[in-house]
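Structure record follows, encoded as structure tokens.
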Amino acid sequence: MSDFKTAVKLSLPVLGAYWFLGVTYGLLASSMDYPFWVPLCMAILVYSGSAEFIALTILCSAFNPLSAVVMALMVGARHLFYGITMLDRYRGAGWRKPLLILWLTDETFAINYANKGSFVQQLWVSLLDYCYWISGGVMGYWLGSAMGERLLQYLDGLDFVVTAMFVAIFMDDYIRNRTTHISAWLGIGAAAVCLALFGPNQFIIPTMACILLALYVKYRKETR
Amino acid sequence: MNTTQQIITILFIAASTIATRALPFILFPSQKHTPRFVQFLGKYLASAVFGMLIIYCVKDVSFLSGNHGVPQVIGIAFCVLLHLWRKNMFLTIAGGTLFYMVIIHIIPMLY
């Protein structure tokens with residue numbers, strides 16, 4: 001099978017997830033009366049769902065670029081972990097490397113990490129995911145302008161596609177890699193505890209700190 | 001916020017997001033100079049992140065009120081079992097989502 005065909009097949013779950021999230025994002029932007037270029041430019045330039053949803057509320061409040069930067073850095077901090085994991089994998093990708101880095105989202109990372117494809121295949125997955133996200137946002141905005149938020153009630157429960165995708169990715173990784181079972185449970189445990197302690201908007205950074213600390217302890221034990 | 005301010009804000013958010021994606025590659029361009037702990041992280045971090053992302057998906061579920069996150073927990077359990085049974089990622093995602101879309105209409109009837 002060609003790299004492109006494989007990439008289409010691999011990225012199908014992301015199509016479902018991104019169209020659902022993208023349509024929701026476009027609908028929200030149109031319901032907040034933003035001109036079309038706002039959600040479109042953010043989808044193209046920012047390309048990070050969680051940051052874009054928050055940005056929609058920032059853009060209609062008082063001008064404060066510093067707090068916008070802090071928000072984007074906090075929400076995007078998890079990308080650091082994806083970069084560290086893909087350091088070796090994306091080495092030697094040549095001109096494709098900047099694009100692979102620019103398009104490194106949660107879902108693209110998960111798909112490319114799990115499938116160990118060629119650079120061409122990984123770039124196709126990244127590009128396809130990018131197109132799904134932008135097209136989803138555009139569709140949502142148009143649908144929102146045409147028929148309002150009534151549309152969302154027909155899609156009730158479809159948002160679970162994102163959860164199902166991460167569970168599938170988690171399980172796939174869990175079955176494949178016996179040696180990393182300990183960090184899989186560490187991720188779940190640390191995130192659950194930090195969510196209970198810090199609440200839904202502030203638990204990611206503490207979770208990342210806990211994971212780093214625990215893995216450092218493990219590293220010291222193994223290298224001693 | 002006027003239009004110019006909105007453009008500036010979007011550019012700042014875009015630059016910050018790109019920075020989070022690019023930083024590891026800028027800091028550690030070659031394997032020779034990558035600290036051994038970072039190489040160690042490259043092996044163990046992904047599994048931890050996948051676990052964290054599952055919790056991230058249920059972060060807005062109220063486990064202490066409403067339906068106590070019962071549909072989400074059942075949906076996730078269904079995905080886990082389906083994946084253990086068939087080991088097919090696409091089947092897990094499609095089957096799990098459809099299952100969830102059905103049970104959120106059934107569970108309220110049981111109360």
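Naming scheme: A, B, ... for chains in displayed order of the structure tokens; residues 1 onward per chain; ligands 1 onward as shown.
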- Message: Residues of chain A within 7 Å of chain B, counting only C-alpha atoms, what are they? List them as a ChimeraX atom specification.
- Response: /A:13,42,45-46,59-63,65,68-69,72-73,76-77,79-81,83-85,87,101-102,104,156-158,160-161,163-168,170-171,173,180,183-188,191-192,200,219
- Message: For the structure I just gave you, how does DSSP split segment 22-140 of chain A - specifically, which residues are helix (DSSP H, G or I)? Reply as an NGL selection string.
- Response: :A and (22-31 or 37-45 or 49-58 or 65-76 or 78-86 or 96-102 or 106-115 or 119-140)
- Item | Polymer residues at most 12 Å from Gly66 of chain B, only C-alpha atoms, same-chain spacing of 4 or more positions, as a list in words | Val61, Ser62, Val70, Pro71, Ile107, Pro108 and Tyr111 of chain B
Prev. selection, C-alpha atoms, output as a tab-separated table (two decimals), in the first residue's frame:
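Contents of out-v2.tsv, as written:
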```tsv
chain	number	residue	atom	x	y	z
B	61	VAL	CA	-17.23	15.31	34.00
B	62	SER	CA	-18.77	15.90	37.44
B	70	VAL	CA	-21.40	6.68	34.86
B	71	PRO	CA	-21.83	6.81	31.03
B	107	ILE	CA	-29.00	5.46	31.34
B	108	PRO	CA	-31.27	8.45	32.23
B	111	TYR	CA	-33.00	6.60	37.26
```
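Comparing the minimum interatomic distances between Pro35 of chain A and each of A:Met86, A:Leu128, A:Leu56, A:Ile175, counting only C-alpha atoms, we find that A:Leu56 sits nearest.
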- Message: What's around Gly49 of chain A at 12 Å? Count only C-alpha atoms, leave out sequence neighbours fewer than 3 positions away in its own chain, and write the answer as a PyMOL selection string.
- Response: (chain A and resi 17-26+39+42-46+52-56+72+75-76+105-107+130+133-134+136-137+162) or (chain B and resi 14+17)
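The space separating atom CA of Ser65 of chain B from atom CA of Ile205 of chain A comes to 26.0 Å.
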Which residues are close to segment 111-116 of chain A, i.e. within 8 Å by only C-alpha atoms, leaving aside same-chain residues fewer than 5 positions away? Reply as a JSON list (two decimals) with N, CA, C and O atoms, in the first residue's frame.
```json
[["chain", "number", "residue", "atom", "x", "y", "z"],
["A", 10, "LEU", "N", -4.90, 5.33, 8.46],
["A", 10, "LEU", "CA", -4.50, 5.57, 9.85],
["A", 10, "LEU", "C", -5.17, 6.81, 10.44],
["A", 10, "LEU", "O", -5.44, 6.87, 11.64],
["A", 11, "SER", "N", -5.42, 7.81, 9.58],
["A", 11, "SER", "CA", -5.92, 9.08, 10.11],
["A", 11, "SER", "C", -7.45, 9.14, 10.16],
["A", 11, "SER", "O", -8.01, 10.13, 10.59],
["A", 86, "MET", "N", 9.53, 12.43, 20.17],
["A", 86, "MET", "CA", 9.76, 12.30, 18.73],
["A", 86, "MET", "C", 11.14, 12.79, 18.29],
["A", 86, "MET", "O", 11.44, 12.78, 17.10],
["A", 122, "GLN", "N", 4.36, 9.69, 7.61],
["A", 122, "GLN", "CA", 4.10, 10.52, 8.80],
["A", 122, "GLN", "C", 3.73, 11.94, 8.40],
["A", 122, "GLN", "O", 2.88, 12.58, 9.03],
["A", 125, "VAL", "N", 0.10, 11.85, 7.24],
["A", 125, "VAL", "CA", -0.81, 11.81, 8.40],
["A", 125, "VAL", "C", -0.94, 13.22, 8.99],
["A", 125, "VAL", "O", -2.04, 13.71, 9.24],
["A", 169, "ILE", "N", -5.65, 4.25, 21.66],
["A", 169, "ILE", "CA", -4.21, 4.49, 21.54],
["A", 169, "ILE", "C", -3.49, 3.99, 22.79],
["A", 169, "ILE", "O", -2.46, 3.34, 22.71],
["A", 172, "ASP", "N", -3.51, 0.16, 22.75],
["A", 172, "ASP", "CA", -2.60, -0.33, 21.71],
["A", 172, "ASP", "C", -1.16, -0.28, 22.22],
["A", 172, "ASP", "O", -0.41, -1.25, 22.10],
["A", 173, "ASP", "N", -0.80, 0.85, 22.82],
["A", 173, "ASP", "CA", 0.54, 1.03, 23.37],
["A", 173, "ASP", "C", 0.77, 0.06, 24.53],
["A", 173, "ASP", "O", 1.84, -0.52, 24.68]]
```
- atom CA of Trp124 of chain A to atom CA of Gly94 of chain A, distance in Å rounded to a single decimal: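 Interatomic distance here is 15.0 Å.
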